[in-house]
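Colleague: Data file coords-v6.txt (compact mmCIF, C-alpha atoms) is appended below.
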# COMPACT_ATOMS: atom_id res chain seq x y z
CA MET A 1 14.68 -15.52 3.88
CA THR A 2 11.74 -16.83 1.88
CA VAL A 3 9.44 -14.29 0.27
CA PHE A 4 6.13 -15.29 -1.28
CA ALA A 5 4.78 -12.99 -4.00
CA ILE A 6 1.10 -13.56 -4.71
CA TYR A 7 -0.02 -12.39 -8.12
CA GLU A 8 -2.95 -12.01 -10.48
CA PRO A 9 -3.13 -13.72 -13.90
CA THR A 10 -1.66 -10.54 -15.43
CA GLY A 11 1.39 -10.87 -13.21
CA GLN A 12 0.51 -7.91 -10.97
CA ILE A 13 1.69 -8.57 -7.46
CA THR A 14 -1.17 -8.13 -5.03
CA GLN A 15 0.52 -9.33 -1.89
CA ALA A 16 4.05 -10.05 -0.71
CA ASN A 17 4.96 -11.90 2.44
CA LYS A 18 8.30 -12.40 4.09
CA VAL A 19 7.87 -15.67 5.97
CA TYR A 20 10.34 -16.40 8.72
CA ASP A 21 9.25 -20.02 9.10
CA PRO A 22 8.27 -20.97 5.53
CA LYS A 23 7.71 -24.68 6.05
CA GLY A 24 4.19 -25.48 4.91
CA TYR A 25 3.34 -21.95 3.80
CA ASP A 26 3.34 -22.94 0.12
CA LYS A 27 0.79 -25.63 0.91
CA LEU A 28 -1.34 -23.09 2.74
CA LEU A 29 -1.34 -20.80 -0.27
CA ASP A 30 -2.17 -23.72 -2.56
CA GLU A 31 -5.13 -24.64 -0.39
CA GLN A 32 -6.43 -21.08 -0.60
CA GLY A 33 -6.07 -21.03 -4.37
CA HIS A 34 -3.39 -18.36 -4.61
CA ALA A 35 -0.96 -18.16 -7.50
CA PHE A 36 2.38 -17.42 -5.95
CA LEU A 37 6.11 -17.29 -6.50
CA ALA A 38 8.55 -18.23 -3.77
CA LEU A 39 11.81 -16.28 -3.72
CA GLN A 40 14.92 -16.18 -1.62
CA SER A 41 15.25 -12.52 -0.69
CA ASN A 42 15.63 -10.26 2.31
CA THR A 43 13.37 -7.57 0.91
CA LEU A 44 9.75 -7.46 -0.13
CA PRO A 45 9.27 -6.70 -3.83
CA SER A 46 7.23 -3.57 -4.48
CA PHE A 47 4.48 -3.68 -7.05
CA GLU A 48 5.66 -0.39 -8.51
CA GLN A 49 8.94 -1.92 -9.61
CA TRP A 50 8.30 -5.62 -10.06
CA TYR A 51 5.84 -8.05 -11.55
CA VAL A 52 5.69 -11.79 -12.09
CA ASP A 53 6.48 -13.04 -15.56
CA VAL A 54 3.75 -15.66 -15.50
CA GLY A 55 5.15 -17.71 -18.40
CA ALA A 56 8.65 -17.88 -17.00
CA ARG A 57 7.42 -17.98 -13.39
CA GLU A 58 10.01 -15.48 -12.25
CA LEU A 59 10.17 -11.96 -10.91
CA ALA A 60 10.78 -9.33 -13.58
CA ALA A 61 11.42 -5.60 -13.43
CA ARG A 62 8.63 -3.47 -14.83
CA PRO A 63 10.06 -1.70 -17.88
CA SER A 64 10.20 2.06 -18.19
CA MET A 65 8.51 3.85 -21.08
CA SER A 66 10.64 5.62 -23.66
CA VAL A 67 8.51 8.72 -23.49
CA GLU A 68 9.91 12.15 -24.32
CA ILE A 69 8.46 15.62 -23.90
CA SER A 70 9.45 18.59 -26.04
CA LYS A 71 9.24 21.17 -23.23
CA SER A 72 8.03 21.40 -19.66
CA ALA A 73 6.80 25.00 -19.76
CA VAL A 74 4.45 26.71 -22.20
CA LYS A 75 2.85 30.11 -22.47
CA ALA A 76 -0.75 30.01 -21.25
CA GLY A 77 -3.49 30.81 -23.72
CA ALA A 78 -1.09 31.18 -26.61
CA ASP A 79 -0.17 29.15 -29.63
CA ASP A 80 2.44 27.31 -27.61
CA THR A 81 2.32 23.57 -27.04
CA ALA A 82 4.29 20.75 -25.47
CA VAL A 83 4.47 17.50 -27.41
CA ILE A 84 4.77 14.16 -25.68
CA SER A 85 6.08 11.43 -27.97
CA GLY A 86 6.81 7.74 -27.68
CA ILE A 87 3.55 6.89 -25.92
CA PRO A 88 2.96 3.12 -26.13
CA LYS A 89 -0.13 1.95 -27.99
CA GLN A 90 -3.22 1.36 -25.82
CA ALA A 91 -1.79 3.39 -22.95
CA LYS A 92 -4.05 5.32 -20.60
CA VAL A 93 -3.34 9.02 -20.16
CA THR A 94 -4.67 11.04 -17.24
CA ILE A 95 -4.22 14.78 -16.94
CA VAL A 96 -4.66 16.38 -13.53
CA ALA A 97 -4.53 20.05 -12.60
CA ALA A 98 -5.39 21.89 -9.40
CA GLY A 99 -6.40 18.66 -7.74
CA ALA A 100 -8.89 17.62 -10.38
CA VAL A 101 -8.82 15.15 -13.24
CA LEU A 102 -9.25 17.21 -16.40
CA HIS A 103 -8.89 14.55 -19.08
CA THR A 104 -8.73 10.78 -19.24
CA LEU A 105 -7.78 9.11 -22.51
CA ASP A 106 -8.28 5.38 -22.11
CA PRO A 107 -6.81 4.18 -24.34
CA ILE A 108 -5.07 6.88 -26.29
CA ASP A 109 -5.07 5.98 -29.97
CA ALA A 110 -1.87 7.80 -30.87
CA SER A 111 1.79 7.75 -29.94
CA GLU A 112 1.99 11.55 -29.59
CA LEU A 113 0.03 14.01 -27.48
CA GLU A 114 0.14 17.77 -27.98
CA ILE A 115 -0.79 19.86 -24.99
CA ALA A 116 -1.87 23.50 -24.93
CA ILE A 117 -2.92 25.06 -21.64
CA PRO A 118 -5.43 27.93 -21.61
CA VAL A 119 -4.66 29.40 -18.16
CA PRO A 120 -1.58 29.52 -15.90
CA CYS A 121 -1.37 26.25 -13.95
CA VAL A 122 0.52 22.97 -13.82
CA TYR A 123 -0.69 19.96 -15.76
CA SER A 124 0.37 16.66 -14.25
CA ILE A 125 0.25 13.89 -16.84
CA THR A 126 0.31 10.20 -16.02
CA ILE A 127 0.77 7.59 -18.73
CA SER A 128 0.08 4.02 -17.69
CA LEU A 129 0.14 0.69 -19.46
CA TRP A 130 0.76 -2.67 -17.89
CA PRO A 131 3.44 -3.86 -17.23
CA TYR A 132 5.27 -0.58 -17.76
CA ARG A 133 5.93 1.63 -14.79
CA ASP A 134 3.70 4.66 -14.74
CA CYS A 135 5.29 7.64 -16.47
CA GLN A 136 4.64 11.01 -14.85
CA LEU A 137 5.30 14.33 -16.52
CA THR A 138 4.45 17.92 -15.74
CA VAL A 139 3.85 20.88 -17.99
CA GLU A 140 3.60 24.34 -16.48
CA ALA A 141 1.78 27.18 -18.17
CA PHE A 142 2.88 30.69 -17.24
CA MET B 1 9.45 -7.29 53.61
CA THR B 2 11.78 -8.23 50.79
CA THR B 3 10.39 -7.96 47.28
CA ARG B 4 11.87 -10.52 44.92
CA ARG B 5 11.54 -9.23 41.41
CA VAL B 6 13.51 -12.04 39.74
CA LEU B 7 12.69 -15.58 40.72
CA ILE B 8 14.61 -18.56 39.41
CA SER B 9 13.07 -21.75 40.67
CA PRO B 10 13.63 -24.73 38.40
CA GLY B 11 11.42 -26.98 40.40
CA SER B 12 8.32 -24.81 40.28
CA SER B 13 5.67 -24.38 37.63
CA SER B 14 7.52 -21.46 36.07
CA PRO B 15 11.34 -21.65 36.07
CA LEU B 16 11.84 -17.89 35.62
CA ARG B 17 9.62 -14.96 36.50
CA VAL B 18 10.46 -11.26 36.44
CA SER B 19 7.99 -8.87 38.01
CA ALA B 20 7.31 -5.17 37.78
CA GLY B 21 8.77 -2.81 40.37
CA GLY B 22 7.38 -3.21 43.88
CA VAL B 23 5.74 -6.56 43.17
CA ASP B 24 7.03 -9.90 44.40
CA ALA B 25 7.51 -12.26 41.45
CA SER B 26 6.31 -15.33 43.30
CA GLY B 27 2.69 -14.29 43.57
CA ALA B 28 2.51 -11.63 40.88
CA GLN B 29 -0.50 -11.53 38.59
CA PHE B 30 0.00 -11.66 34.84
CA ASP B 31 -0.19 -7.89 34.38
CA ASP B 32 2.55 -7.38 36.97
CA LEU B 33 4.98 -9.71 35.23
CA ILE B 34 7.59 -8.45 32.80
CA PHE B 35 8.53 -12.00 31.88
CA ASP B 36 7.19 -15.41 32.67
CA ALA B 37 8.89 -18.48 31.22
CA ASN B 38 5.49 -20.09 30.86
CA GLN B 39 4.34 -17.22 28.64
CA PRO B 40 6.84 -17.12 25.78
CA PRO B 41 6.82 -13.84 23.90
CA LEU B 42 5.29 -13.46 20.47
CA ARG B 43 7.73 -13.49 17.62
CA VAL B 44 7.33 -12.17 14.13
CA ALA B 45 6.29 -14.99 11.80
CA ILE B 46 5.39 -13.05 8.67
CA ASN B 47 5.46 -9.47 7.55
CA GLY B 48 4.22 -8.20 4.25
CA TRP B 49 1.91 -5.94 2.32
CA MET B 50 -1.21 -6.29 0.24
CA ARG B 51 -3.05 -4.02 -2.10
CA VAL B 52 -6.49 -2.68 -1.28
CA PRO B 53 -9.27 -1.91 -3.73
CA TYR B 54 -10.23 1.51 -4.93
CA VAL B 55 -12.56 3.53 -2.74
CA GLY B 56 -13.60 6.88 -4.09
CA ALA B 57 -14.72 10.03 -2.42
CA GLY B 58 -17.81 10.04 -0.24
CA ASP B 59 -20.21 11.70 -2.64
CA GLY B 60 -21.77 13.54 0.28
CA ASN B 61 -21.90 10.50 2.51
CA ILE B 62 -19.90 10.35 5.69
CA LEU B 63 -17.94 7.36 4.50
CA ARG B 64 -17.72 4.82 1.75
CA TRP B 65 -16.19 1.40 1.76
CA ALA B 66 -15.13 -1.49 -0.43
CA THR B 67 -14.69 -5.04 0.76
CA GLY B 68 -11.68 -7.07 -0.21
CA PRO B 69 -9.13 -8.41 -0.72
CA ALA B 70 -9.08 -11.55 1.35
CA LEU B 71 -6.83 -11.44 4.34
CA PRO B 72 -3.36 -12.85 3.87
CA ALA B 73 -2.91 -16.56 4.46
CA THR B 74 -1.68 -17.14 7.96
CA PRO B 75 -0.68 -20.27 9.84
CA ALA B 76 -3.31 -21.76 12.14
CA GLY B 77 -3.84 -19.77 15.30
CA THR B 78 -2.35 -16.55 13.96
CA TYR B 79 -3.89 -13.40 12.61
CA PRO B 80 -2.56 -10.35 10.76
CA LEU B 81 -1.97 -7.17 12.67
CA PHE B 82 -2.28 -4.23 10.32
CA LEU B 83 0.31 -1.60 10.95
CA LEU B 84 -0.28 1.37 8.72
CA MET B 85 -1.38 2.53 5.35
CA TRP B 86 1.07 3.18 2.60
CA TYR B 87 0.45 5.59 -0.20
CA ALA B 88 2.36 5.86 -3.40
CA PRO B 89 3.09 9.44 -4.31
CA THR B 90 0.13 11.05 -5.96
CA SER B 91 0.29 12.01 -9.59
CA ASP B 92 -0.28 15.63 -8.58
CA PRO B 93 2.95 17.14 -7.21
CA ALA B 94 0.95 19.72 -5.27
CA PHE B 95 -0.24 16.99 -2.89
CA GLU B 96 2.74 14.72 -2.90
CA GLY B 97 3.57 15.30 0.74
CA SER B 98 0.18 14.04 1.83
CA TYR B 99 0.82 10.66 0.26
CA ALA B 100 4.39 10.02 1.25
CA PRO B 101 5.24 6.45 2.18
CA GLY B 102 4.70 5.44 5.75
CA ARG B 103 2.36 8.25 6.69
CA SER B 104 -0.97 7.71 8.29
CA PRO B 105 -3.93 7.89 5.92
CA TYR B 106 -4.93 11.41 6.68
CA GLY B 107 -4.52 14.72 4.96
CA THR B 108 -5.90 18.20 4.57
CA CYS B 109 -6.62 20.45 1.67
CA THR B 110 -6.91 24.12 2.45
CA CYS B 111 -8.15 24.97 -1.02
CA TYR B 112 -11.33 23.00 -0.38
CA SER B 113 -11.51 23.64 3.37
CA GLN B 114 -11.80 20.02 4.29
CA ASN B 115 -9.96 17.11 5.78
CA PHE B 116 -9.82 13.67 4.32
CA GLY B 117 -8.63 10.32 5.48
CA ALA B 118 -9.03 6.61 5.28
CA GLY B 119 -8.92 3.53 7.37
CA GLY B 120 -10.09 -0.02 7.38
CA ALA B 121 -11.60 -2.89 9.25
CA VAL B 122 -11.13 -6.63 9.30
CA GLY B 123 -14.06 -8.98 9.30
CA ASP B 124 -15.37 -12.19 7.78
CA GLY B 125 -11.99 -12.98 6.30
CA TYR B 126 -11.68 -9.75 4.36
CA PHE B 127 -10.11 -6.36 4.72
CA THR B 128 -12.60 -3.56 4.15
CA GLY B 129 -11.15 -0.24 3.16
CA ILE B 130 -13.04 2.83 4.34
CA SER B 131 -12.88 6.31 2.90
CA PHE B 132 -13.68 9.30 5.08
CA ASN B 133 -13.61 11.76 2.26
CA LYS B 134 -16.89 13.62 2.51
CA GLN B 135 -17.37 15.05 -0.90
CA VAL B 136 -16.50 14.66 -4.49
CA ILE B 137 -14.28 17.57 -5.37
CA LEU B 138 -15.22 18.82 -8.78
CA SER B 139 -17.51 16.64 -10.78
CA SER B 140 -14.78 15.66 -13.20
CA GLY B 141 -12.45 13.98 -10.87
CA ASP B 142 -11.43 12.48 -7.61
CA PRO B 143 -8.27 14.22 -6.53
CA PHE B 144 -8.05 12.54 -3.17
CA PRO B 145 -8.51 8.86 -3.86
CA ASN B 146 -8.17 7.48 -0.38
CA PHE B 147 -7.72 3.99 -1.70
CA THR B 148 -6.39 3.76 -5.19
CA ASP B 149 -4.94 0.81 -6.99
CA GLN B 150 -1.59 2.22 -5.94
CA THR B 151 -2.38 1.80 -2.27
CA ARG B 152 -1.14 -0.96 -0.08
CA ILE B 153 -1.29 -1.75 3.57
CA ALA B 154 1.47 -3.29 5.62
CA TYR B 155 0.92 -5.95 8.23
CA CYS B 156 2.74 -8.19 10.59
CA ILE B 157 1.79 -11.62 11.84
CA PHE B 158 3.02 -12.77 15.22
CA ARG B 159 3.22 -16.29 16.48
CA ASN B 160 3.68 -17.75 19.89
CA TYR B 161 6.35 -20.41 19.36
CA GLN B 162 6.12 -22.98 22.11
Write the structure described by the file as structure tokens, please.
Modeller:
Amino acid sequence: MTVFAIYEPTGQITQANKVYDPKGYDKLLDEQGHAFLALQSNTLPSFEQWYVDVGARELAARPSMSVEISKSAVKAGADDTAVISGIPKQAKVTIVAAGAVLHTLDPIDASELEIAIPVPCVYSITISLWPYRDCQLTVEAF
Amino acid sequence: MTTRRVLISPGSSSPLRVSAGGVDASGAQFDDLIFDANQPPLRVAINGWMRVPYVGAGDGNILRWATGPALPATPAGTYPLFLLMWYAPTSDPAFEGSYAPGRSPYGTCTCYSQNFGAGGAVGDGYFTGISFNKQVILSSGDPFPNFTDQTRIAYCIFRNYQ
């Protein structure tokens, strides 16, 4: 089966098509100005896991971040913190709690982030940097 | 009177016709035919997904929309049929179930006493995502991003192979 992955200049896949009769489809994409990669596969690549290595013109797995967190639970309102380390340079960090975005650090200018939580709740922390896969962590304050 | 539901007649205009119950195949109208050899069934030509642009909460409006991206390239005479929305799991575990893959773009939030949802429309060569989220929840954030950059829609393109 021929799969066409259409991508942006960064390599982000914006569209993936499994074409059962692929003859002429590459020409159609060319005419519409799409950058694409044709693959032989039975499954559609997901943009969460894959991207296009534009230089090599091949599909590549999005790497995982080597992020570590010192603890996942802290005491609320106390001198107790969780430390996230190994954050890649220029990453974006978003902290969400109770359905609201509390903090956005874009980009964060450090490789470590220390988190103290004033009231009992759960902080959900997302670290994102292309082409890494998003890293999601939680810290609960009790 | 005999009702002939299956009619094989190589010499006629249609070599094989199968009609619905109680209808004679020879004179059946299109809606009463289960199969007509002159009307070959549609077959799947392409299936795929594409990402849709971010559309935030409604900010008090009934809906909000964002146009784009362009519709997927399709062979002449075909058109994409959009099947459903697909949400990546939200970054907030408390609402993860609302964004599970393959679910319709609708959810509720009891803590804010409101429903939210999303949809879309096709026109002028573009897909337009529409947010039905009525209000911004807390000024600092948008906890129910109906279309985020993690959102994609699935579609299928059928073709009538002659």
Colleague: Residues near Leu105 of chain A, anyone? I mean within 9 Å using only C-alpha atoms, not counting same-chain ones fewer than 6 positions away, as a PyMOL selection string.
Modeller: chain A and resi 91-95
Colleague: I'd like the contact shell of Thr67 of chain B - 8 Å cut-off, all atoms listed in the file, skipping same-chain residues fewer than 5 positions apart - returned as number ranges by chain.
Modeller: B: 53, 126-129
Colleague: Contacts of segment 35-47 of chain B at 7 Å or less, counting all atoms listed in the file, minus same-chain residues fewer than 6 places along, as a PDB file with C-alpha atoms, in the coordinates of the input?
Modeller:
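Here's the written file part-v2.pdb:
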ATOM      1  CA  ASN A  17       4.960 -11.900   2.440  1.00  0.00           C
ATOM      2  CA  LYS A  18       8.300 -12.400   4.090  1.00  0.00           C
ATOM      3  CA  VAL A  19       7.870 -15.670   5.970  1.00  0.00           C
ATOM      4  CA  TYR A  20      10.340 -16.400   8.720  1.00  0.00           C
ATOM      5  CA  ASP A  21       9.250 -20.020   9.100  1.00  0.00           C
TER       6      ASP A  21
ATOM      7  CA  SER B  14       7.520 -21.460  36.070  1.00  0.00           C
ATOM      8  CA  PRO B  15      11.340 -21.650  36.070  1.00  0.00           C
ATOM      9  CA  LEU B  16      11.840 -17.890  35.620  1.00  0.00           C
ATOM     10  CA  ARG B  17       9.620 -14.960  36.500  1.00  0.00           C
ATOM     11  CA  VAL B  18      10.460 -11.260  36.440  1.00  0.00           C
ATOM     12  CA  SER B  19       7.990  -8.870  38.010  1.00  0.00           C
ATOM     13  CA  TYR B 155       0.920  -5.950   8.230  1.00  0.00           C
ATOM     14  CA  CYS B 156       2.740  -8.190  10.590  1.00  0.00           C
ATOM     15  CA  ILE B 157       1.790 -11.620  11.840  1.00  0.00           C
ATOM     16  CA  PHE B 158       3.020 -12.770  15.220  1.00  0.00           C
ATOM     17  CA  ARG B 159       3.220 -16.290  16.480  1.00  0.00           C
ATOM     18  CA  ASN B 160       3.680 -17.750  19.890  1.00  0.00           C
ATOM     19  CA  GLN B 162       6.120 -22.980  22.110  1.00  0.00           C
TER      20      GLN B 162
END
Colleague: Env of Ile130 of chain B: 6 Å cut, atoms = all atoms listed in the file, seq-sep filter 5 positions within chain, self excluded. Answer as a list in words.
Modeller: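 After dropping sequence-adjacent residues, the list is Arg64, Trp65, Ala118, Gly119 and Gly120 of chain B.
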Colleague: Sorted by chain and rising residue number, which residues of chain A lie within 7 Å of chain B, and what are their closest atom pairs and distances in Å to one decimal, counting all atoms listed in the file, as a tab-separated table?
Modeller:
residue	atom	partner	partner_atom	distance
A:Thr14	CA	B:Arg51	CA	5.4
A:Gln15	CA	B:Met50	CA	4.1
A:Ala16	CA	B:Gly48	CA	5.3
A:Asn17	CA	B:Gly48	CA	4.2
A:Lys18	CA	B:Asn47	CA	5.3
A:Val19	CA	B:Ile46	CA	4.5
A:Tyr20	CA	B:Ala45	CA	5.3
A:Asp21	CA	B:Ala45	CA	6.4
A:Leu28	CA	B:Ala73	CA	6.9
A:Leu29	CA	B:Ala73	CA	6.5
A:Val96	CA	B:Asp92	CA	6.7
A:Gly99	CA	B:Pro143	CA	5.0
A:Ala100	CA	B:Gly141	CA	5.1
A:Val101	CA	B:Gly141	CA	4.5
A:Leu102	CA	B:Ser140	CA	6.6
A:Ser124	CA	B:Asp92	CA	5.8
A:Thr126	CA	B:Ser91	CA	6.7
A:Gln136	CA	B:Ser91	CA	6.9
Colleague: Working from the structure I just supplied, which lacks atoms in segment 29-58 of chain A, can you model N, CA and C atoms there and output them as a CSV table (one decimal), in the coordinates of the input?
Modeller:
chain,number,residue,atom,x,y,z
A,29,LEU,N,-0.9,-21.6,0.9
A,29,LEU,CA,-1.3,-20.8,-0.3
A,29,LEU,C,-2.0,-21.6,-1.4
A,30,ASP,N,-1.5,-22.8,-1.6
A,30,ASP,CA,-2.2,-23.7,-2.6
A,30,ASP,C,-3.6,-24.0,-2.1
A,31,GLU,N,-3.8,-24.3,-0.9
A,31,GLU,CA,-5.1,-24.6,-0.4
A,31,GLU,C,-6.1,-23.5,-0.6
A,32,GLN,N,-5.6,-22.3,-0.5
A,32,GLN,CA,-6.4,-21.1,-0.6
A,32,GLN,C,-6.5,-20.6,-2.0
A,33,GLY,N,-5.9,-21.3,-3.0
A,33,GLY,CA,-6.1,-21.0,-4.4
A,33,GLY,C,-5.3,-19.8,-4.9
A,34,HIS,N,-4.2,-19.5,-4.2
A,34,HIS,CA,-3.4,-18.4,-4.6
A,34,HIS,C,-2.3,-18.8,-5.6
A,35,ALA,N,-2.1,-18.0,-6.6
A,35,ALA,CA,-1.0,-18.2,-7.5
A,35,ALA,C,0.2,-17.4,-6.9
A,36,PHE,N,1.3,-18.1,-6.7
A,36,PHE,CA,2.4,-17.4,-6.0
A,36,PHE,C,3.7,-17.8,-6.5
A,37,LEU,N,4.7,-17.0,-6.1
A,37,LEU,CA,6.1,-17.3,-6.5
A,37,LEU,C,6.9,-17.2,-5.2
A,38,ALA,N,7.7,-18.2,-5.0
A,38,ALA,CA,8.6,-18.2,-3.8
A,38,ALA,C,10.0,-17.8,-4.2
A,39,LEU,N,10.5,-16.9,-3.4
A,39,LEU,CA,11.8,-16.3,-3.7
A,39,LEU,C,12.7,-16.3,-2.5
A,40,GLN,N,14.0,-16.3,-2.7
A,40,GLN,CA,14.9,-16.2,-1.6
A,40,GLN,C,15.4,-14.7,-1.6
A,41,SER,N,14.9,-13.9,-0.7
A,41,SER,CA,15.2,-12.5,-0.7
A,41,SER,C,15.1,-12.0,0.7
A,42,ASN,N,15.8,-10.9,1.0
A,42,ASN,CA,15.6,-10.3,2.3
A,42,ASN,C,14.7,-9.1,2.2
A,43,THR,N,14.3,-8.7,1.1
A,43,THR,CA,13.4,-7.6,0.9
A,43,THR,C,12.1,-8.0,0.2
A,44,LEU,N,11.0,-7.2,0.5
A,44,LEU,CA,9.8,-7.5,-0.1
A,44,LEU,C,9.7,-6.7,-1.5
A,45,PRO,N,9.3,-7.4,-2.5
A,45,PRO,CA,9.3,-6.7,-3.8
A,45,PRO,C,8.1,-5.7,-3.8
A,46,SER,N,8.3,-4.5,-4.4
A,46,SER,CA,7.2,-3.6,-4.5
A,46,SER,C,6.5,-3.7,-5.8
A,47,PHE,N,5.2,-3.5,-5.8
A,47,PHE,CA,4.5,-3.7,-7.0
A,47,PHE,C,4.7,-2.6,-8.0
A,48,GLU,N,5.3,-1.4,-7.6
A,48,GLU,CA,5.7,-0.4,-8.5
A,48,GLU,C,6.8,-0.8,-9.4
A,49,GLN,N,7.7,-1.6,-8.9
A,49,GLN,CA,8.9,-1.9,-9.6
A,49,GLN,C,9.0,-3.3,-10.2
A,50,TRP,N,8.2,-4.2,-9.7
A,50,TRP,CA,8.3,-5.6,-10.1
A,50,TRP,C,7.0,-6.2,-10.5
A,51,TYR,N,7.0,-7.3,-11.3
A,51,TYR,CA,5.8,-8.0,-11.6
A,51,TYR,C,6.3,-9.5,-11.8
A,52,VAL,N,5.4,-10.4,-11.9
A,52,VAL,CA,5.7,-11.8,-12.1
A,52,VAL,C,5.5,-12.1,-13.6
A,53,ASP,N,6.6,-12.5,-14.2
A,53,ASP,CA,6.5,-13.0,-15.6
A,53,ASP,C,5.8,-14.4,-15.5
A,54,VAL,N,4.5,-14.5,-15.8
A,54,VAL,CA,3.8,-15.7,-15.5
A,54,VAL,C,4.3,-16.9,-16.3
A,55,GLY,N,4.7,-16.6,-17.6
A,55,GLY,CA,5.2,-17.7,-18.4
A,55,GLY,C,6.4,-18.3,-17.9
A,56,ALA,N,7.3,-17.4,-17.5
A,56,ALA,CA,8.6,-17.9,-17.0
A,56,ALA,C,8.6,-18.2,-15.5
A,57,ARG,N,7.6,-17.8,-14.8
A,57,ARG,CA,7.4,-18.0,-13.4
A,57,ARG,C,8.6,-17.4,-12.7
A,58,GLU,N,8.9,-16.1,-12.9
A,58,GLU,CA,10.0,-15.5,-12.2
A,58,GLU,C,9.7,-14.0,-12.1
